[in-house]
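First the structure, in the form of structure tokens, and then the observations on it.
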Amino acid sequence: MFVDRAIIRVRAGNGGNGHVSFRREKFAPKGGPDGGDGGKGGDVYLVADDNVNTLFDFRHAHDWAAQDGEAGRAKQQIGADGADRDVRVPPGTLVFDNRAEQLIVDLAPNQRYLIAKGGKGGYGNEHYKTSTNQTPKNGSPGLPGDQFELRLDLKLIADVGLIGMPNAGKSTLLAAVTDATPKIGDYPFTTLSPQLGIAKLDQTRRLVLADIPGLIEGASSGAGLGLDFLRHIERTRVLVHLLDAAPLDDSNPADNYRLIRKELETYSQALADRREVIALNKVDLLPPEERAAAAARLAHDLDLSGTERILVISGATNQGTHELLEHLWNILTPQAQTWKAPAPQV
């Protein structure tokens with residue numbers, strides 16, 4: 001189950017109390033104070049772990065606490081420090097103070113962030129001895145550790161975001177070019193949560209793709225599933241706008257494109273300005289001689305400039321999918337030069 005929001009409470013460990021004791025040895029009749037200091041409480045860290053993909057672990061586990069420091073002991077023994085606590089979350093998690101409604105940190109991959117600091121240990125009575133107070137009978141308590149109520153919001157981090165109307169073929173494409181196994185069906189809203197997959201172009205080149213649930217008119221205002229998942233597109237660097245070449249409802253692909261674009265612009269102009277690749281999908285459902293004409297007609301309807309082109313693909317048959325990935329790679333890594341074999345010597 002994909003879970004992208006959670007409320008948790010974190011508590012750092014309390015410091016151990018200082019100890020009050022006096023030496024009582026046969027050959028030290030006057031003795032003296034020898035109570036040790038308490039140990040420091042453990043800290044709580046948030047760790048962005050690449051092996052964690054959702055916030056599911058926090059669905060029923062709301063309290064995360066580090067260990068308290070131990071109290072001091074006689075013979076000036078300092079109490080042991082409490083163990084730290086790591087709370088592992090997916091990269092891309094936004095951490096808010098839930099009560100103050102303030103962003104604390106936006107966790108980058110592999111980042112380890114100190115979210116709650118453990119309390120300092122208290123002083124034992126040995127700490128308070130002076131020339132005028134040689135038998136102090138007081139120690140100090142340990143200080144409490146920090147504690148917060150946090151709201152965790154996950155925004156997926158991906159190179160490419162797949163967007164489009166329900167049943168545009170996003171899940172089929174993701175399954176075709178990556179090892180992901182999204183649920184696929186011929187009914188609206190097959191995908192109920194974002195899915196991630198890694199496309200391997202070769203041994204050294206990889207792209208992370210995110211399949212975003214289908215958007216509909218009014219998504220930016222909360223209709224359908226759109227509002228919950230539009231924010232996941234914000235992390236992506238390039239959008240692939242998939243259009244069904246033969247919609248079952250006989251809708252016009254150009255109209256479907258404009259509808260999704262309107263929702264993106266309403267939600268975020270910065271998102272609407274993101275680099276976009278348009279791909280006409282499911283062309284296997286069209287006769288071979290009509291596929292190029294369908295793409296040309298769509299380009300004309302969208303009034304695209306001569307430098308823009310529509311990629312013709314089929315996630316079901318893998319037609320054009322390699323060209324799509326290569327095109328995306330060139331957009332994301334413009335500095336990369338394609339290696340060419342040297343000309344043979346004559």
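In the structure tokens, chains take letters A, B, ... by order of appearance, with residues numbered from 1 within each chain and ligands from 1 in the order shown.
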Find the spatial neighbours of range 66-82 of chain A, counting only C-alpha atoms, within a cut-off of 6 Å - ignore same-chain residues fewer than 3 positions away - and output them as a JSON list (two decimals) with C-alpha atoms, in the first residue's frame.
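The resulting file, around.json, is shown below:
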```
[["chain", "number", "residue", "atom", "x", "y", "z"],
["A", 12, "ALA", "CA", 14.45, 12.31, 22.37],
["A", 13, "GLY", "CA", 15.71, 10.59, 25.50],
["A", 14, "ASN", "CA", 15.70, 12.37, 28.84],
["A", 15, "GLY", "CA", 19.01, 12.94, 30.57],
["A", 16, "GLY", "CA", 19.79, 10.67, 33.52],
["A", 17, "ASN", "CA", 19.63, 12.08, 37.04],
["A", 18, "GLY", "CA", 22.78, 12.91, 38.94],
["A", 19, "HIS", "CA", 23.59, 10.57, 41.82],
["A", 21, "SER", "CA", 26.37, 9.30, 47.47],
["A", 34, "ASP", "CA", 31.26, 10.62, 44.96],
["A", 35, "GLY", "CA", 27.93, 10.71, 43.10],
["A", 36, "GLY", "CA", 28.40, 10.55, 39.32],
["A", 37, "ASP", "CA", 26.64, 12.55, 36.60],
["A", 38, "GLY", "CA", 23.73, 11.19, 34.62],
["A", 39, "GLY", "CA", 24.11, 10.14, 30.99],
["A", 40, "LYS", "CA", 22.83, 12.13, 28.04],
["A", 41, "GLY", "CA", 19.51, 11.14, 26.45],
["A", 42, "GLY", "CA", 19.57, 9.63, 22.96],
["A", 44, "VAL", "CA", 16.24, 11.11, 17.21],
["A", 85, "ARG", "CA", 16.89, 6.38, 17.32]]
```
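The neighbours of Pro33 in chain A here are the residues that come within 10 Å of it, using only C-alpha atoms and leaving out any residue fewer than 5 positions away in the same chain; they are His19, Val20, Ser21, Phe22, Arg23, Arg24, Ala74, Lys75, Gln76, Gly124, Asn125, Glu126, His127, Tyr128, Lys129, Gln134, Thr135, Pro136, Lys137 and Asn138 of chain A.
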Write a file of the just-selected residues containing N, CA and C atoms, as a CSV table (one decimal), in the first residue's frame.
```csv
chain,number,residue,atom,x,y,z
A,19,HIS,N,23.7,11.4,40.7
A,19,HIS,CA,23.6,10.6,41.8
A,19,HIS,C,24.1,11.3,43.1
A,20,VAL,N,23.5,11.0,44.2
A,20,VAL,CA,24.0,11.5,45.5
A,20,VAL,C,24.5,10.4,46.4
A,21,SER,N,25.8,10.4,46.6
A,21,SER,CA,26.4,9.3,47.5
A,21,SER,C,27.7,9.8,48.1
A,22,PHE,N,28.2,9.1,49.1
A,22,PHE,CA,29.4,9.5,49.8
A,22,PHE,C,30.3,8.2,50.0
A,23,ARG,N,31.6,8.5,49.9
A,23,ARG,CA,32.5,7.4,50.1
A,23,ARG,C,32.4,6.8,51.5
A,24,ARG,N,32.5,5.5,51.7
A,24,ARG,CA,32.5,4.9,53.0
A,24,ARG,C,33.5,3.8,52.9
A,74,ALA,N,27.4,5.6,42.2
A,74,ALA,CA,28.5,5.9,43.2
A,74,ALA,C,29.9,5.7,42.6
A,75,LYS,N,30.9,6.2,43.3
A,75,LYS,CA,32.2,6.1,42.9
A,75,LYS,C,32.5,6.9,41.6
A,76,GLN,N,31.7,8.0,41.5
A,76,GLN,CA,31.9,9.0,40.4
A,76,GLN,C,31.6,8.3,39.0
A,124,GLY,N,25.9,14.8,39.5
A,124,GLY,CA,26.0,14.2,40.8
A,124,GLY,C,26.5,15.1,41.9
A,125,ASN,N,26.4,14.7,43.1
A,125,ASN,CA,26.8,15.6,44.2
A,125,ASN,C,28.3,15.8,44.2
A,126,GLU,N,29.1,15.0,43.6
A,126,GLU,CA,30.5,15.2,43.5
A,126,GLU,C,30.8,16.5,42.8
A,127,HIS,N,29.9,16.8,41.9
A,127,HIS,CA,30.1,18.0,41.1
A,127,HIS,C,30.0,19.3,41.9
A,128,TYR,N,29.3,19.2,43.0
A,128,TYR,CA,28.9,20.4,43.8
A,128,TYR,C,29.9,20.7,45.0
A,129,LYS,N,30.9,19.8,45.2
A,129,LYS,CA,31.8,20.0,46.4
A,129,LYS,C,32.6,21.2,46.2
A,134,GLN,N,31.8,20.7,51.8
A,134,GLN,CA,32.5,19.5,51.5
A,134,GLN,C,31.6,18.2,51.5
A,135,THR,N,30.3,18.4,51.9
A,135,THR,CA,29.4,17.3,51.9
A,135,THR,C,28.1,17.7,51.3
A,136,PRO,N,28.1,18.1,50.0
A,136,PRO,CA,26.8,18.4,49.3
A,136,PRO,C,25.9,17.2,49.3
A,137,LYS,N,24.7,17.5,49.6
A,137,LYS,CA,23.7,16.4,49.6
A,137,LYS,C,22.7,16.5,48.5
A,138,ASN,N,23.1,17.2,47.5
A,138,ASN,CA,22.1,17.4,46.4
A,138,ASN,C,22.8,17.1,45.0
```
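As for CA of Leu271 in chain A and CA of Gly161 in chain A, they are spaced 11.3 Å apart.
Checking A:Gly92, A:Gly320, A:Gly315, A:Gly31 one by one against Leu173 in chain A, counting only C-alpha atoms, you find the shortest gap at A:Gly315.
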Non-local contacts of Ile331 in chain A (10 Å; only C-alpha atoms; under 4 positions in same chain excluded) as an NGL selection string | :A and (237-238 or 275-277 or 325-327 or 335-336)
Quick one: residues within 7 Å of range 210-212 of chain A, only C-alpha atoms counted, chain neighbours fewer than 2 positions away excluded, as a PyMOL selection string?
-> chain A and resi 158+160-163+170-171+174+194-197+208+214+229
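The space between CA of Arg99 in chain A and CA of Leu150 in chain A spans 8.0 Å.
Residues in contact range of Val52 in chain A, defined as at most 8 Å between only C-alpha atoms, with sequence neighbours fewer than 5 positions away removed, read Arg88, Val89, Pro90 and Pro91 of chain A.
Note that the spacing between CA of Ile260 in chain A and CA of Leu243 in chain A amounts to 10.3 Å.
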Close residues, range 247-259 of chain A itself excluded, 9 Å, only C-alpha atoms, min 5 positions apart in chain, as a list in words | Gly164, Met165, Asn167, Ala168, Ile216, Glu217, His241, Leu242, Leu264, Leu280, Leu298, Ala299, Asp301 and Leu302 of chain A
Convert the current residue selection to file output with N, CA and C atoms, as a PDB file, in the first residue's frame.
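In the end it all went to result05.pdb:
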```pdb
ATOM      1  N   GLY A 164      -1.427  12.116 -17.748  1.00  0.00           N
ATOM      2  CA  GLY A 164      -2.422  11.948 -18.793  1.00  0.00           C
ATOM      3  C   GLY A 164      -3.771  11.601 -18.207  1.00  0.00           C
ATOM      4  N   MET A 165      -4.735  11.429 -19.073  1.00  0.00           N
ATOM      5  CA  MET A 165      -6.077  11.042 -18.657  1.00  0.00           C
ATOM      6  C   MET A 165      -6.072   9.593 -18.150  1.00  0.00           C
ATOM      7  N   ASN A 167      -6.577   5.800 -18.190  1.00  0.00           N
ATOM      8  CA  ASN A 167      -6.506   4.842 -19.300  1.00  0.00           C
ATOM      9  C   ASN A 167      -5.721   5.352 -20.500  1.00  0.00           C
ATOM     10  N   ALA A 168      -4.816   6.318 -20.263  1.00  0.00           N
ATOM     11  CA  ALA A 168      -3.953   6.767 -21.359  1.00  0.00           C
ATOM     12  C   ALA A 168      -2.842   5.767 -21.628  1.00  0.00           C
ATOM     13  N   ILE A 216      -8.202  14.253 -14.179  1.00  0.00           N
ATOM     14  CA  ILE A 216      -9.448  14.574 -14.855  1.00  0.00           C
ATOM     15  C   ILE A 216      -9.734  16.048 -14.679  1.00  0.00           C
ATOM     16  N   GLU A 217     -10.760  16.512 -15.329  1.00  0.00           N
ATOM     17  CA  GLU A 217     -11.147  17.912 -15.183  1.00  0.00           C
ATOM     18  C   GLU A 217     -11.522  18.194 -13.731  1.00  0.00           C
ATOM     19  N   HIS A 241       3.631  13.517 -21.432  1.00  0.00           N
ATOM     20  CA  HIS A 241       2.179  13.627 -21.508  1.00  0.00           C
ATOM     21  C   HIS A 241       1.693  12.570 -22.486  1.00  0.00           C
ATOM     22  N   LEU A 242       1.087  11.503 -21.960  1.00  0.00           N
ATOM     23  CA  LEU A 242       0.596  10.412 -22.794  1.00  0.00           C
ATOM     24  C   LEU A 242      -0.827  10.715 -23.247  1.00  0.00           C
ATOM     25  N   LEU A 264      -2.860  21.527 -14.819  1.00  0.00           N
ATOM     26  CA  LEU A 264      -1.495  21.808 -14.389  1.00  0.00           C
ATOM     27  C   LEU A 264      -1.300  23.298 -14.144  1.00  0.00           C
ATOM     28  N   LEU A 280       2.000  10.084 -28.369  1.00  0.00           N
ATOM     29  CA  LEU A 280       0.727   9.498 -28.789  1.00  0.00           C
ATOM     30  C   LEU A 280       0.829   7.997 -28.601  1.00  0.00           C
ATOM     31  N   LEU A 298      -2.675  15.576 -34.779  1.00  0.00           N
ATOM     32  CA  LEU A 298      -2.619  16.048 -33.395  1.00  0.00           C
ATOM     33  C   LEU A 298      -1.696  17.256 -33.284  1.00  0.00           C
ATOM     34  N   ALA A 299      -0.551  17.218 -33.948  1.00  0.00           N
ATOM     35  CA  ALA A 299       0.376  18.349 -33.916  1.00  0.00           C
ATOM     36  C   ALA A 299      -0.280  19.593 -34.497  1.00  0.00           C
ATOM     37  N   ASP A 301      -3.596  20.196 -34.576  1.00  0.00           N
ATOM     38  CA  ASP A 301      -4.646  20.629 -33.646  1.00  0.00           C
ATOM     39  C   ASP A 301      -4.060  21.375 -32.448  1.00  0.00           C
ATOM     40  N   LEU A 302      -2.860  20.988 -32.022  1.00  0.00           N
ATOM     41  CA  LEU A 302      -2.229  21.637 -30.872  1.00  0.00           C
ATOM     42  C   LEU A 302      -1.388  22.839 -31.280  1.00  0.00           C
TER      43      LEU A 302
END
```
